[in-house]
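Heads up, the thing below is written out as structure tokens.
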Amino acid sequence: NEADNNGNTPLHGAAMNNQPKVAEILLSQRCHLTYNKDGCSAIDLAIMNKYKEVACILVTHTNRGEEVLNLTSGKYPCIMEALIAKMPGVAKAVLDTGIKKCPTEKTDSPAYYVEYDFKCLSKSEDCSTKGKGSAYLPILDDMVIHERVGLLSHELSLKYMAMKWNAYGKYFQFANLIFYLIYLLIVTSVATNEIERDFKFYARFKWFNESEETCVENNESCEEPTFVGRGERELQAFREYRK
């Protein structure tokens with residue numbers, strides 16, 4: 001756990017030199033997860049240098065992987081977000097650790113089971129998309145932003161989305177549909193009434209126009225029609241038409 005003048009520990013050194021075996025040993029020996037003077041942790045350095053091997057060991061370690069994923073820094077506020085953007089292969093390895101299948105039974109056995117751990121997908125305290133998308137499912141939203149189709153179609157991601165849909169997604173969708181149908185009904189009703197009123201108005205308008213022509217032919221005077229239910233605007237339009 002001793003650090004050099006720059007605050008780098010042996011784990012930092014393993015990350016900077018892409019030494020996955022050394023990193024695994026240090027993690028197993030319960031080394032401290034610290035930040036150097038630049039504010040970077042070991043996983044930050046691995047991501048910055050694009051060292052996939054050591055990064056994969058750090059985030060998928062059996063006992064310390066979750067602890068590494070919880071690290072935050074000014075460089076990468078969310079490790080999973082950084083992996084999705086820069087190391088999708090390592091992000092997939094993290095998703096793989098969230099699936100635990102029965103090792104002793106066959107898939108068609110009644111005793112066969114599959115357990116899903118959604119911790120790597122459900123973190124939202126420090127994971128954000130910086131205003132680019134939804135704040136409710138930030139990790140999945142990052143996959144969409146970076147077009148990580150393989151990660152979105154991963155078994156763990158699909159199960160997580162199905163769980164969220166069954167928990168509250170379908171209810172919100174149903175509520176939105178109800179509100180939309182109510183809105184559509186109101187708009188349709190108003191439009192239908194307006195069309196009906198316009199039809200009656202122009203029917204009356206046409207009838208008077210024909211009557212006026214008859215009056216002119218017979219040298220008779222015609223009175224203006226009464227526009228029941230219409231306003232001054234329609235009456236003025238009628239007068240302008242006569243001129």
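Ordering of the structure tokens sets the chain letters (A, B, ...); residue numbers start at 1 within each chain; ligands are numbered from 1 in the order shown.
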
Quick one: which range 142-199 of chain A residues come within 12 Å of range 70-93 of chain A, and what is the nearest atom pair for each with the distance in Å to one decimal, counting only C-alpha atoms, rows ordered by chain and ascending number, as a tab-separated table?
```
residue	atom	partner	partner_atom	distance
A:Asp142	CA	A:Glu81	CA	6.6
A:Met143	CA	A:Ile84	CA	6.5
A:Val144	CA	A:Ile84	CA	10.0
A:Ile145	CA	A:Ala85	CA	8.9
A:His146	CA	A:Ala85	CA	6.2
A:Glu147	CA	A:Ala85	CA	9.3
A:Arg148	CA	A:Pro88	CA	7.4
A:Val149	CA	A:Pro88	CA	10.1
A:Gly150	CA	A:Lys92	CA	8.2
A:Leu151	CA	A:Lys92	CA	6.3
A:Leu152	CA	A:Lys92	CA	9.8
A:Ser153	CA	A:Lys92	CA	10.5
A:His154	CA	A:Lys92	CA	7.9
A:Glu155	CA	A:Lys92	CA	10.3
A:Leu156	CA	A:Lys92	CA	9.8
A:Ser157	CA	A:Lys92	CA	10.2
```

Using only all heavy atoms, please write the residues we just selected to a file, as a compact mmCIF listing (two decimals), in the first residue's frame.
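Result file out-v3.txt:
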```txt
# COMPACT_ATOMS: atom_id res chain seq x y z
N ASP A 142 -26.50 5.08 -21.57
CA ASP A 142 -25.15 5.21 -22.12
C ASP A 142 -24.93 4.21 -23.26
O ASP A 142 -24.27 4.53 -24.24
CB ASP A 142 -24.11 4.97 -21.02
CG ASP A 142 -23.99 6.15 -20.08
OD1 ASP A 142 -24.20 7.29 -20.54
OD2 ASP A 142 -23.72 5.94 -18.89
N MET A 143 -25.47 3.02 -23.11
CA MET A 143 -25.34 2.03 -24.17
C MET A 143 -26.01 2.51 -25.45
O MET A 143 -25.50 2.30 -26.56
CB MET A 143 -25.97 0.70 -23.73
CG MET A 143 -25.28 0.04 -22.56
SD MET A 143 -26.12 -1.51 -22.09
CE MET A 143 -25.21 -1.96 -20.61
N VAL A 144 -27.15 3.18 -25.29
CA VAL A 144 -27.86 3.72 -26.46
C VAL A 144 -27.06 4.86 -27.08
O VAL A 144 -26.89 4.92 -28.31
CB VAL A 144 -29.26 4.21 -26.05
CG1 VAL A 144 -29.95 4.89 -27.23
CG2 VAL A 144 -30.11 3.04 -25.55
N ILE A 145 -26.55 5.76 -26.25
CA ILE A 145 -25.80 6.92 -26.74
C ILE A 145 -24.57 6.48 -27.53
O ILE A 145 -24.27 7.03 -28.59
CB ILE A 145 -25.38 7.82 -25.57
CG1 ILE A 145 -26.61 8.49 -24.95
CG2 ILE A 145 -24.38 8.88 -26.02
CD1 ILE A 145 -26.32 9.25 -23.68
N HIS A 146 -23.88 5.45 -27.04
CA HIS A 146 -22.65 4.99 -27.70
C HIS A 146 -22.92 3.85 -28.68
O HIS A 146 -21.97 3.25 -29.19
CB HIS A 146 -21.64 4.54 -26.64
CG HIS A 146 -21.18 5.65 -25.74
ND1 HIS A 146 -20.36 6.67 -26.16
CD2 HIS A 146 -21.45 5.91 -24.43
CE1 HIS A 146 -20.13 7.51 -25.16
NE2 HIS A 146 -20.78 7.07 -24.10
N GLU A 147 -24.21 3.56 -28.91
CA GLU A 147 -24.61 2.55 -29.90
C GLU A 147 -23.98 1.18 -29.62
O GLU A 147 -23.48 0.52 -30.53
CB GLU A 147 -24.27 3.02 -31.31
CG GLU A 147 -24.96 4.32 -31.70
CD GLU A 147 -24.61 4.78 -33.11
OE1 GLU A 147 -23.75 4.14 -33.75
OE2 GLU A 147 -25.20 5.77 -33.57
N ARG A 148 -24.04 0.77 -28.37
CA ARG A 148 -23.49 -0.54 -27.98
C ARG A 148 -24.61 -1.58 -28.06
O ARG A 148 -25.20 -1.97 -27.06
CB ARG A 148 -22.91 -0.48 -26.57
CG ARG A 148 -21.83 0.57 -26.36
CD ARG A 148 -20.71 0.45 -27.36
NE ARG A 148 -19.60 1.36 -27.06
CZ ARG A 148 -18.63 1.65 -27.89
NH1 ARG A 148 -18.62 1.09 -29.11
NH2 ARG A 148 -17.66 2.49 -27.54
N VAL A 149 -24.90 -2.01 -29.27
CA VAL A 149 -25.99 -2.96 -29.49
C VAL A 149 -25.72 -4.28 -28.79
O VAL A 149 -26.62 -4.90 -28.22
CB VAL A 149 -26.19 -3.19 -31.01
CG1 VAL A 149 -27.31 -4.20 -31.25
CG2 VAL A 149 -26.51 -1.87 -31.71
N GLY A 150 -24.46 -4.70 -28.81
CA GLY A 150 -24.10 -5.96 -28.16
C GLY A 150 -24.36 -5.94 -26.67
O GLY A 150 -24.80 -6.94 -26.09
N LEU A 151 -24.12 -4.79 -26.03
CA LEU A 151 -24.36 -4.68 -24.60
C LEU A 151 -25.86 -4.59 -24.30
O LEU A 151 -26.34 -5.16 -23.32
CB LEU A 151 -23.65 -3.44 -24.04
CG LEU A 151 -22.13 -3.43 -24.14
CD1 LEU A 151 -21.56 -2.14 -23.57
CD2 LEU A 151 -21.52 -4.64 -23.43
N LEU A 152 -26.60 -3.89 -25.16
CA LEU A 152 -28.04 -3.79 -24.96
C LEU A 152 -28.74 -5.13 -25.13
O LEU A 152 -29.75 -5.40 -24.48
CB LEU A 152 -28.63 -2.78 -25.94
CG LEU A 152 -28.43 -1.30 -25.61
CD1 LEU A 152 -28.83 -0.43 -26.79
CD2 LEU A 152 -29.21 -0.90 -24.37
N SER A 153 -28.20 -5.96 -26.02
CA SER A 153 -28.81 -7.27 -26.27
C SER A 153 -28.25 -8.36 -25.36
O SER A 153 -28.60 -9.53 -25.50
CB SER A 153 -28.60 -7.67 -27.73
OG SER A 153 -27.22 -7.74 -28.05
N HIS A 154 -27.38 -7.97 -24.43
CA HIS A 154 -26.84 -8.93 -23.47
C HIS A 154 -27.96 -9.48 -22.60
O HIS A 154 -28.93 -8.79 -22.29
CB HIS A 154 -25.77 -8.25 -22.61
CG HIS A 154 -24.97 -9.19 -21.78
ND1 HIS A 154 -25.41 -9.68 -20.57
CD2 HIS A 154 -23.74 -9.75 -21.98
CE1 HIS A 154 -24.49 -10.48 -20.05
NE2 HIS A 154 -23.47 -10.54 -20.90
N GLU A 155 -27.83 -10.72 -22.19
CA GLU A 155 -28.88 -11.38 -21.40
C GLU A 155 -29.21 -10.59 -20.14
O GLU A 155 -30.38 -10.44 -19.77
CB GLU A 155 -28.44 -12.80 -21.04
CG GLU A 155 -29.49 -13.58 -20.25
CD GLU A 155 -29.03 -14.98 -19.89
OE1 GLU A 155 -27.94 -15.40 -20.38
OE2 GLU A 155 -29.74 -15.66 -19.13
N LEU A 156 -28.19 -10.07 -19.46
CA LEU A 156 -28.43 -9.33 -18.22
C LEU A 156 -29.19 -8.03 -18.50
O LEU A 156 -30.10 -7.66 -17.75
CB LEU A 156 -27.10 -9.03 -17.53
CG LEU A 156 -27.22 -8.46 -16.11
CD1 LEU A 156 -27.75 -9.52 -15.16
CD2 LEU A 156 -25.87 -7.94 -15.61
N SER A 157 -28.82 -7.34 -19.58
CA SER A 157 -29.51 -6.10 -19.94
C SER A 157 -30.97 -6.36 -20.28
O SER A 157 -31.87 -5.61 -19.87
CB SER A 157 -28.81 -5.43 -21.13
OG SER A 157 -27.48 -5.10 -20.81
```

message = Going by DSSP on the backbone, which residues of range 50-165 of chain A come out as helix (DSSP H, G or I)? List them as a ChimeraX atom specification.
response = /A:52-60,65-69,79-86,88-97,119-122,138-145,149-152,155-165

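One finds CA of Leu137 in chain A at 27.2 Å from CA of Leu33 in chain A.
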
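All residues of range 69-126 of chain A that DSSP, run on the backbone, classes as strand (DSSP E) are Ile99, Lys100, Lys101, Val114, Glu115 and Tyr116 of chain A.
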